[in-house]
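Enquirer: Below are the structure tokens for one structure; questions will follow.
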Amino acid sequence: MSIARDSLNLPNAVTVARLVLSVLLFALIEAGQDGIWLAGLFVFAVATDVVDGWIARTWNLVTPLGRILDPFADKFIVCGTMFFLLPREAGVTTWMVTIVVGREMFVSALRGYLEAEGIDFSADWSGKIKTFVQCVGVTAALLGLSPAFQTTSFLQLRDVLLWTVVAVTLYSWVAYVVRGFRGLATQTENGTPP
């Protein structure tokens with residue numbers, strides 16, 4: 001199976017670069033790099049999501065590959081970073097990672113099913129807020145690895161942000177499930193059974 005020629009474009013190249021930066025970030029976390037550098041790399045990598053989306057929409061370069069690759073890269077960097085932070089004293093717990101990864105896997109599967117049935121299941125405001133809050137929480141967890149940020153007040157703030165990530169992720173999970181069932185119900189009412 002070959003990749004369509006129009007998929008080999010700048011936005012998709014930026015998305016692939018985000019995946020490469022993610023792997024570099026994981027390696028640096030594993031190597032014990034200072035949290036300030038880790039947070040900087042994470043923020044830079046996450047910012048490429050804005051860049052590739054803007055380029056794709058502005059220059060009409062949206063492709064089926066990009067629609068799959070872009071959200072995957074977003075989930076890969078957030079979930080992967082949380083996973084690699086587990087053995088470090090970064091405030092990230094197994095339950096946090098389980099909830100974040102579980103939500104992403106479930107919603108991705110639900111999206112795939114609904115869109116195969118012809119139901120639009122694009123990201124909504126709760127998903128966008130969830131992504132933003134996750135990025136803020138993960139950045140705080142990375143900064144907390146640096147001696148410069150290991151004060152009681154910052155570590156308490158970090159913990160509040162990480163539990164906020166869990167709460168917002170759970171809310172988004174429920175919101176997407178409700179929206180998915182409504183989409184299926186509407187399709188059934190219109191005489192097109194799933």
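Order determines the names: the first chain of the structure tokens is A, the second B, and so forth; residues in each chain are numbered 1 upward, and ligands are numbered 1 upward as they are shown.
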Looking only at the backbone, which of the residues in segment 50-148 of chain A does DSSP tag as alpha helix (DSSP H), as a ChimeraX atom specification?
Expert: /A:50-58,64-85,94-116,125-143
Enquirer: Next, the residues of the selection above should be written as a tab-separated table (two decimals), in the first residue's frame with C-alpha atoms.
Expert:
```
chain	number	residue	atom	x	y	z
A	50	VAL	CA	-0.52	24.45	16.09
A	51	VAL	CA	1.92	24.96	13.21
A	52	ASP	CA	0.99	21.87	11.20
A	53	GLY	CA	-2.73	22.50	11.65
A	54	TRP	CA	-2.42	26.14	10.59
A	55	ILE	CA	-0.37	25.26	7.51
A	56	ALA	CA	-2.76	22.47	6.51
A	57	ARG	CA	-5.85	24.69	6.78
A	58	THR	CA	-4.31	27.85	5.32
A	64	PRO	CA	-6.47	11.61	5.13
A	65	LEU	CA	-3.00	10.66	6.43
A	66	GLY	CA	-2.74	13.98	8.28
A	67	ARG	CA	-6.17	13.47	9.87
A	68	ILE	CA	-4.90	10.20	11.34
A	69	LEU	CA	-1.28	11.11	12.05
A	70	ASP	CA	-1.87	14.47	13.77
A	71	PRO	CA	-4.10	13.27	16.64
A	72	PHE	CA	-1.92	10.18	17.01
A	73	ALA	CA	1.18	12.37	17.48
A	74	ASP	CA	-0.67	14.46	20.10
A	75	LYS	CA	-1.66	11.39	22.08
A	76	PHE	CA	1.75	9.77	21.63
A	77	ILE	CA	3.68	12.67	23.18
A	78	VAL	CA	1.31	13.21	26.13
A	79	CYS	CA	0.73	9.54	27.00
A	80	GLY	CA	4.36	8.60	26.34
A	81	THR	CA	5.71	11.42	28.49
A	82	MET	CA	3.41	10.48	31.38
A	83	PHE	CA	4.47	6.85	31.04
A	84	PHE	CA	8.18	7.72	31.15
A	85	LEU	CA	7.58	9.97	34.17
A	94	THR	CA	-0.24	4.77	37.62
A	95	TRP	CA	-3.91	5.74	37.93
A	96	MET	CA	-3.31	9.02	36.12
A	97	VAL	CA	-1.62	7.26	33.23
A	98	THR	CA	-4.30	4.57	33.12
A	99	ILE	CA	-7.10	7.14	32.90
A	100	VAL	CA	-5.35	9.30	30.28
A	101	VAL	CA	-4.31	6.35	28.07
A	102	GLY	CA	-7.67	4.60	28.55
A	103	ARG	CA	-9.58	7.68	27.48
A	104	GLU	CA	-7.42	8.21	24.40
A	105	MET	CA	-7.71	4.57	23.29
A	106	PHE	CA	-11.46	4.41	23.87
A	107	VAL	CA	-12.27	7.70	22.15
A	108	SER	CA	-10.00	6.87	19.20
A	109	ALA	CA	-11.77	3.52	18.77
A	110	LEU	CA	-15.17	5.21	19.09
A	111	ARG	CA	-14.18	7.86	16.54
A	112	GLY	CA	-13.02	5.19	14.10
A	113	TYR	CA	-16.29	3.28	14.42
A	114	LEU	CA	-18.56	6.33	14.14
A	115	GLU	CA	-16.72	7.85	11.19
A	116	ALA	CA	-16.84	4.48	9.42
A	125	TRP	CA	-14.35	21.98	22.79
A	126	SER	CA	-14.05	19.44	25.63
A	127	GLY	CA	-11.37	17.57	23.70
A	128	LYS	CA	-9.43	20.76	22.97
A	129	ILE	CA	-9.60	21.87	26.61
A	130	LYS	CA	-8.54	18.38	27.70
A	131	THR	CA	-5.49	18.52	25.44
A	132	PHE	CA	-4.52	21.98	26.72
A	133	VAL	CA	-4.90	20.98	30.38
A	134	GLN	CA	-2.90	17.78	29.79
A	135	CYS	CA	-0.08	19.80	28.22
A	136	VAL	CA	-0.02	22.23	31.15
A	137	GLY	CA	-0.01	19.38	33.68
A	138	VAL	CA	2.73	17.43	31.90
A	139	THR	CA	4.86	20.60	31.57
A	140	ALA	CA	4.54	21.17	35.32
A	141	ALA	CA	5.51	17.53	36.00
A	142	LEU	CA	8.62	17.92	33.82
A	143	LEU	CA	9.59	21.20	35.48
```
Enquirer: From the options A:Val160, A:Leu145, A:Ala90, A:Val23, which residue's atoms come nearest to Trp37 of chain A, counting only C-alpha atoms?
Expert: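 With only C-alpha atoms as the atom set, the closest residue is A:Leu145.
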Enquirer: Mind pulling up the distance from atom CA of Arg18 of chain A to atom CA of Phe121 of chain A?
Expert: 23.9 Å
Enquirer: Which residue gives the smallest distance to Gly35 of chain A among A:Gln150, A:Leu8, A:Thr93, A:Ala17, with only C-alpha atoms counted?
Expert: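 The answer is A:Gln150, which sits nearest to Gly35 of chain A.
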Enquirer: Write out as an MDAnalysis selection string which residues come within 10 Å of Asp159 of chain A when counting only C-alpha atoms, dropping same-chain ones fewer than 2 positions away.
Expert: chainID A and resid 90:92 137 140:141 144 154:157 161:165
Enquirer: Please write the residues from the selection above to a file, keeping C-alpha atoms, as an mmCIF file, in the first residue's frame.
Expert:
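File produced: result.cif:
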```
data_model
loop_
_atom_site.group_PDB
_atom_site.id
_atom_site.type_symbol
_atom_site.label_atom_id
_atom_site.label_comp_id
_atom_site.auth_asym_id
_atom_site.auth_seq_id
_atom_site.Cartn_x
_atom_site.Cartn_y
_atom_site.Cartn_z
ATOM 1 C CA ALA A 90 7.252 13.699 39.089
ATOM 2 C CA GLY A 91 3.824 13.443 40.743
ATOM 3 C CA VAL A 92 2.511 11.154 37.979
ATOM 4 C CA GLY A 137 -0.006 19.382 33.685
ATOM 5 C CA ALA A 140 4.537 21.168 35.323
ATOM 6 C CA ALA A 141 5.509 17.529 36.005
ATOM 7 C CA GLY A 144 9.220 19.527 38.874
ATOM 8 C CA PHE A 154 5.504 24.474 43.110
ATOM 9 C CA LEU A 155 5.207 20.754 43.807
ATOM 10 C CA GLN A 156 1.785 21.344 45.373
ATOM 11 C CA LEU A 157 0.764 23.334 42.272
ATOM 12 C CA LEU A 161 -2.535 20.468 37.914
ATOM 13 C CA LEU A 162 -2.008 16.724 37.465
ATOM 14 C CA TRP A 163 -5.220 15.858 39.295
ATOM 15 C CA THR A 164 -6.978 18.522 37.223
ATOM 16 C CA VAL A 165 -5.707 16.620 34.161
#
```
Enquirer: Out of A:Gly180, A:Ser146, A:Thr152, A:Arg158, which residue has the shortest atom-to-atom distance to Asp120 of chain A when counting only C-alpha atoms?
Expert: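 Of A:Gly180, A:Ser146, A:Thr152, A:Arg158, the one nearest Asp120 of chain A is A:Gly180, counting only C-alpha atoms.
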